$ cat upload-v5.cif   # mmCIF, C-alpha atoms
data_query
loop_
_atom_site.label_atom_id
_atom_site.label_comp_id
_atom_site.auth_asym_id
_atom_site.auth_seq_id
_atom_site.Cartn_x
_atom_site.Cartn_y
_atom_site.Cartn_z
CA MET A 149 49.48 65.04 159.65
CA LYS A 150 52.33 67.19 158.42
CA GLU A 151 51.61 70.87 158.90
CA ARG A 152 52.68 73.80 156.74
CA GLU A 153 56.43 74.06 156.34
CA THR A 154 57.89 77.53 156.71
CA ASP A 155 60.84 78.36 154.52
CA ARG A 156 63.42 79.23 157.16
CA GLN A 157 65.79 80.60 154.52
CA GLY A 158 63.29 83.24 153.40
CA ALA A 159 63.16 81.84 149.89
CA GLY A 160 59.46 82.55 149.65
CA PRO A 161 56.42 80.34 149.92
CA THR A 162 57.20 76.63 150.10
CA PRO A 163 55.11 73.92 148.45
CA ARG A 164 52.36 72.75 150.81
CA THR A 165 50.82 69.34 150.23
CA ASP A 166 49.06 68.73 153.55
CA THR A 167 45.32 68.67 154.23
CA ARG A 168 45.39 72.25 155.45
CA SER A 169 46.89 73.66 152.26
CA ARG A 170 44.68 71.51 150.03
CA ALA A 171 41.65 72.75 151.97
CA GLN A 172 42.74 76.34 151.33
CA LYS A 173 43.04 75.63 147.60
CA VAL A 174 39.65 73.92 147.41
CA ALA A 175 38.04 76.71 149.42
CA LEU A 176 39.37 79.31 146.98
CA GLU A 177 37.99 77.28 144.06
CA LEU A 178 34.53 77.03 145.63
CA PHE A 179 34.50 80.67 146.72
CA ALA A 180 35.25 81.62 143.10
CA GLU A 181 32.55 79.31 141.74
CA HIS A 182 29.71 79.96 144.20
CA GLY A 183 30.75 82.99 146.20
CA TYR A 184 31.95 83.11 149.78
CA GLU A 185 28.53 83.33 151.39
CA LYS A 186 27.06 80.38 149.48
CA THR A 187 29.96 78.01 150.17
CA SER A 188 29.79 75.78 153.25
CA LEU A 189 32.40 73.82 155.16
CA ARG A 190 30.52 70.67 154.18
CA GLU A 191 30.98 71.46 150.48
CA ILE A 192 34.66 72.16 151.01
CA ALA A 193 35.07 68.83 152.83
CA GLU A 194 33.19 66.93 150.11
CA ARG A 195 35.30 68.30 147.29
CA LEU A 196 38.42 67.75 149.35
CA GLY A 197 37.40 64.12 149.88
CA VAL A 198 37.54 64.21 153.68
CA THR A 199 34.97 64.20 156.45
CA LYS A 200 33.74 67.48 157.87
CA ALA A 201 35.37 66.44 161.15
CA ALA A 202 38.74 66.08 159.42
CA LEU A 203 38.38 69.56 157.92
CA TYR A 204 37.22 70.90 161.29
CA TYR A 205 40.52 69.76 162.77
CA HIS A 206 42.24 72.44 160.68
CA PHE A 207 39.49 75.05 160.32
CA LYS A 208 36.53 75.65 162.63
CA SER A 209 34.84 78.01 160.17
CA LYS A 210 35.12 79.66 156.78
CA GLU A 211 36.41 82.72 158.60
CA ASP A 212 39.31 80.62 159.89
CA ILE A 213 40.18 79.69 156.30
CA VAL A 214 40.19 83.32 155.18
CA HIS A 215 42.32 84.32 158.16
CA SER A 216 44.75 81.52 157.33
CA PHE A 217 45.33 83.08 153.90
CA THR A 218 46.56 86.33 155.43
CA ASP A 219 48.44 84.55 158.21
CA ASP A 220 50.42 82.52 155.69
CA TYR A 221 51.18 85.58 153.55
CA PHE A 222 52.48 87.52 156.54
CA ALA A 223 54.49 84.50 157.73
CA ASP A 224 56.24 84.32 154.36
CA PHE A 225 56.79 88.08 154.43
CA ASP A 226 58.26 87.96 157.94
CA ALA A 227 60.51 85.02 157.05
CA LEU A 228 61.88 86.97 154.09
CA VAL A 229 62.64 90.02 156.23
CA ALA A 230 64.31 87.88 158.90
CA TRP A 231 66.48 86.19 156.25
CA ALA A 232 67.37 89.51 154.62
CA LYS A 233 68.50 91.03 157.91
CA GLU A 234 71.18 88.35 158.14
CA GLN A 235 72.59 89.12 154.69
CA PRO A 236 75.28 91.66 153.78
CA ARG A 237 74.05 94.94 152.32
CA SER A 238 74.83 94.73 148.63
CA ASP A 239 73.21 95.07 145.24
CA ALA A 240 73.13 91.26 144.99
CA THR A 241 71.24 90.96 148.30
CA ARG A 242 68.81 93.68 147.32
CA HIS A 243 68.10 91.95 144.02
CA GLU A 244 67.55 88.60 145.75
CA VAL A 245 65.22 90.12 148.35
CA LEU A 246 63.13 91.77 145.66
CA SER A 247 63.07 88.57 143.61
CA ARG A 248 61.84 86.54 146.56
CA TYR A 249 59.26 89.17 147.44
CA VAL A 250 57.89 89.14 143.90
CA GLY A 251 57.63 85.36 144.22
CA ILE A 252 55.63 85.64 147.45
CA VAL A 253 53.23 88.14 145.90
CA LEU A 254 52.70 86.05 142.76
CA ALA A 255 52.10 82.92 144.82
CA SER A 256 49.36 84.76 146.74
CA HIS A 257 47.57 86.23 143.72
CA GLU A 258 44.48 84.01 144.04
CA VAL A 259 44.07 85.02 147.68
CA PHE A 260 44.26 88.72 146.84
CA ARG A 261 41.80 88.27 143.99
CA PHE A 262 39.38 86.53 146.36
CA LEU A 263 39.69 89.34 148.92
CA GLU A 264 39.04 91.96 146.24
CA GLN A 265 36.08 90.12 144.68
CA ASN A 266 34.45 89.38 148.04
CA ARG A 267 35.24 92.62 149.80
CA ALA A 268 31.70 93.16 151.06
CA SER A 269 31.40 89.61 152.39
CA VAL A 270 34.69 89.56 154.25
CA GLU A 271 34.88 93.20 155.34
CA ALA A 272 33.30 92.54 158.76
CA MET A 273 35.52 89.55 159.50
CA MET A 274 38.62 91.44 158.40
CA HIS A 275 37.61 94.27 160.73
CA ALA A 276 37.19 91.78 163.56
CA GLY A 277 40.67 90.45 162.81
CA LYS A 278 42.20 93.85 162.05
CA ASP A 279 45.10 93.11 164.40
CA ARG A 280 46.41 90.91 161.59
CA PHE A 281 46.89 94.05 159.51
CA ALA A 282 47.82 96.43 162.33
CA HIS A 283 51.54 96.08 161.68
CA PHE A 284 51.42 96.06 157.88
CA ARG A 285 53.06 99.52 157.72
CA ASP A 286 55.78 98.26 160.07
CA ARG A 287 56.39 95.29 157.78
CA ILE A 288 56.73 97.55 154.75
CA ASP A 289 59.19 99.71 156.70
CA GLU A 290 61.20 96.64 157.71
CA LEU A 291 61.43 95.41 154.15
CA THR A 292 62.43 98.88 153.00
CA ASP A 293 65.14 98.97 155.67
CA VAL A 294 66.79 95.83 154.30
CA LEU A 295 66.68 97.24 150.79
CA ILE A 296 68.22 100.59 151.64
CA ASP A 297 70.12 102.07 154.58
CA PRO A 298 67.69 103.37 157.25
CA GLY A 299 69.67 106.62 157.33
CA ALA A 300 69.29 107.20 153.60
CA PRO A 301 67.80 110.51 152.36
CA LEU A 302 64.01 110.75 152.27
CA ARG A 303 63.98 110.66 148.46
CA ASP A 304 65.80 107.30 148.44
CA ARG A 305 63.51 105.85 151.12
CA VAL A 306 60.43 106.99 149.21
CA ARG A 307 61.76 105.30 146.07
CA ALA A 308 62.45 102.06 147.97
CA THR A 309 59.01 102.04 149.58
CA THR A 310 57.43 102.77 146.21
CA ALA A 311 59.27 99.76 144.79
CA VAL A 312 57.87 97.48 147.50
CA LEU A 313 54.29 98.75 147.12
CA ALA A 314 54.52 98.69 143.33
CA VAL A 315 55.48 95.01 143.33
CA GLY A 316 52.19 94.02 144.96
CA THR A 317 49.98 96.34 142.94
CA THR A 318 51.61 95.66 139.57
CA CYS A 319 51.64 91.88 139.98
CA ARG A 320 47.95 91.79 140.85
CA PHE A 321 47.00 94.24 138.11
CA PHE A 322 48.79 92.49 135.26
CA LEU A 323 48.72 88.83 136.27
CA ARG A 324 45.48 88.05 134.44
CA GLN A 325 46.78 89.81 131.33
CA ALA A 326 50.17 88.13 131.27
CA ASP A 327 50.52 84.94 129.24
CA ASP A 328 53.91 84.21 130.79
CA ARG A 329 54.20 84.58 134.56
CA ASP A 330 57.99 84.33 134.45
CA LYS A 331 58.11 87.21 131.98
CA LEU A 332 55.87 89.31 134.23
CA ARG A 333 58.06 88.46 137.21
CA ALA A 334 61.17 89.58 135.33
CA ILE A 335 59.56 92.88 134.28
CA VAL A 336 58.30 93.66 137.80
CA LEU A 337 61.68 92.78 139.29
CA GLU A 338 63.48 95.02 136.80
CA MET A 339 61.10 97.89 137.55
CA ALA A 340 61.46 97.52 141.32
CA THR A 341 65.25 97.26 141.11
CA ASP A 342 65.46 100.41 138.99
CA LEU A 343 63.54 102.39 141.60
CA ILE A 344 66.05 101.72 144.38
CA PRO A 345 69.41 103.55 144.40
CA PRO A 346 72.47 101.26 144.27
CA ALA A 347 73.94 100.06 147.57
CA GLY A 348 76.82 101.97 149.06
#

$ encode --input "upload-v5.cif" --output "structure tokens"
Amino acid sequence: MKERETDRQGAGPTPRTDTRSRAQKVALELFAEHGYEKTSLREIAERLGVTKAALYYHFKSKEDIVHSFTDDYFADFDALVAWAKEQPRSDATRHEVLSRYVGIVLASHEVFRFLEQNRASVEAMMHAGKDRFAHFRDRIDELTDVLIDPGAPLRDRVRATTAVLAVGTTCRFFLRQADDRDKLRAIVLEMATDLIPPAG
């Protein structure tokens, strides 16, 4: 079975059509319909149209599915940073990095909504797997460093970090209100770009 393909060029999340990704999608649907606690692996397997054993090959528990959401998000994030580090520092690169980051955030909106709506249910498991989030600040710093020179004045670094954090918050806040996702993406990208001082 073909596993998840990572976009080695840092272009953002790639389409995933394997059993693993379909199981993630079905799990999100059932979690939204019945709640995390009331959804079983058996129900996920039934809606997916596979045996529980086939699902168990990819995920041993519901907790594994939830952890896979964050693992995939961070993998896309890390791939983007790795790609960006190989690019020349320029306004064009900065714009492309921000554009790809907005794409990653928008592609993960259902996951973030699930985490927010089921905070009480997943809090303990997230605490148990807190190492997954231990380096989140480092990731934000790394992304900021490819957007602006690490030796830039504090004011410029604060603006760049604000741009990165604002992308995630603004996308999640307005996605359900926006009729046109492409329009929202363009607005968020424009806002983030305006926050960062020009290269050079």

$ resolve_selection --input "upload-v5.cif" --expression "the PyMOL selection byres ((chain A and resi 183-193) around 8)" --output "NGL selection string"
:A and (171 or 174-175 or 178-182 or 194-200 or 203 or 209-210 or 266 or 269)

$ closest_residue --input "upload-v5.cif" --among "A:Glu244, A:Glu264, A:Ser216, A:Asp289" --to "A:Phe321" --atoms "all atoms listed in the file"
A:Glu264

$ atom_distance --input "upload-v5.cif" --atom1 "atom CA of A:Ala255" --atom2 "atom CA of A:Tyr221"
9.2 Å

$ resolve_selection --input "upload-v5.cif" --expression "the PyMOL selection byres ((chain A and resi 338) around 12)" --output "NGL selection string"
:A and (242-244 or 246-247 or 250 or 311 or 314-315 or 331-337 or 339-344)

$ write_last_selection --input "upload-v5.cif" --atoms "C-alpha atoms" --output "compact mmCIF listing (two decimals), in the frame of the given file"
# COMPACT_ATOMS: atom_id res chain seq x y z
CA ARG A 242 68.81 93.68 147.32
CA HIS A 243 68.10 91.95 144.02
CA GLU A 244 67.55 88.60 145.75
CA LEU A 246 63.13 91.77 145.66
CA SER A 247 63.07 88.57 143.61
CA VAL A 250 57.89 89.14 143.90
CA ALA A 311 59.27 99.76 144.79
CA ALA A 314 54.52 98.69 143.33
CA VAL A 315 55.48 95.01 143.33
CA LYS A 331 58.11 87.21 131.98
CA LEU A 332 55.87 89.31 134.23
CA ARG A 333 58.06 88.46 137.21
CA ALA A 334 61.17 89.58 135.33
CA ILE A 335 59.56 92.88 134.28
CA VAL A 336 58.30 93.66 137.80
CA LEU A 337 61.68 92.78 139.29
CA MET A 339 61.10 97.89 137.55
CA ALA A 340 61.46 97.52 141.32
CA THR A 341 65.25 97.26 141.11
CA ASP A 342 65.46 100.41 138.99
CA LEU A 343 63.54 102.39 141.60
CA ILE A 344 66.05 101.72 144.38

$ atom_distance --input "upload-v5.cif" --atom1 "atom CA of A:Leu313" --atom2 "atom CA of A:Pro236"
23.1 Å

$ closest_residue --input "upload-v5.cif" --among "A:Leu323, A:Ala268, A:Ala230, A:Ala202" --to "A:Asp293" --atoms "all atoms listed in the file"
A:Ala230

$ atom_distance --input "upload-v5.cif" --atom1 "atom CA of A:Arg261" --atom2 "atom CA of A:Cys319"
11.2 Å

$ residues_around --input "upload-v5.cif" --residues "A:Gln172" --least-positions-apart "2" --cutoff "9 Å" --atoms "only C-alpha atoms" --output "VMD selection string"
chain A and resid 167 to 170 174 to 177 213 to 214 216 to 217

$ residues_around --input "upload-v5.cif" --residues "A:Val294" --least-positions-apart "3" --cutoff "7 Å" --atoms "only C-alpha atoms" --output "list in words"
Ala232, Lys233, Glu290 and Leu291 of chain A

$ resolve_selection --input "upload-v5.cif" --expression "the PyMOL selection byres ((chain A and resi 228) around 12)" --output "NGL selection string"
:A and (154-161 or 221-227 or 229-235 or 241-242 or 244-253 or 287-288 or 290-292 or 294-295)

$ closest_residue --input "upload-v5.cif" --among "A:His215, A:Arg329, A:Arg237, A:His257" --to "A:Asp297" --atoms "all atoms listed in the file"
A:Arg237

$ closest_residue --input "upload-v5.cif" --among "A:His283, A:Leu254, A:Ala347, A:Arg303" --to "A:Phe322" --atoms "only C-alpha atoms"
A:Leu254

$ closest_residue --input "upload-v5.cif" --among "A:Glu211, A:Pro345, A:Thr218, A:Asp327" --to "A:Pro301" --atoms "all atoms listed in the file"
A:Pro345
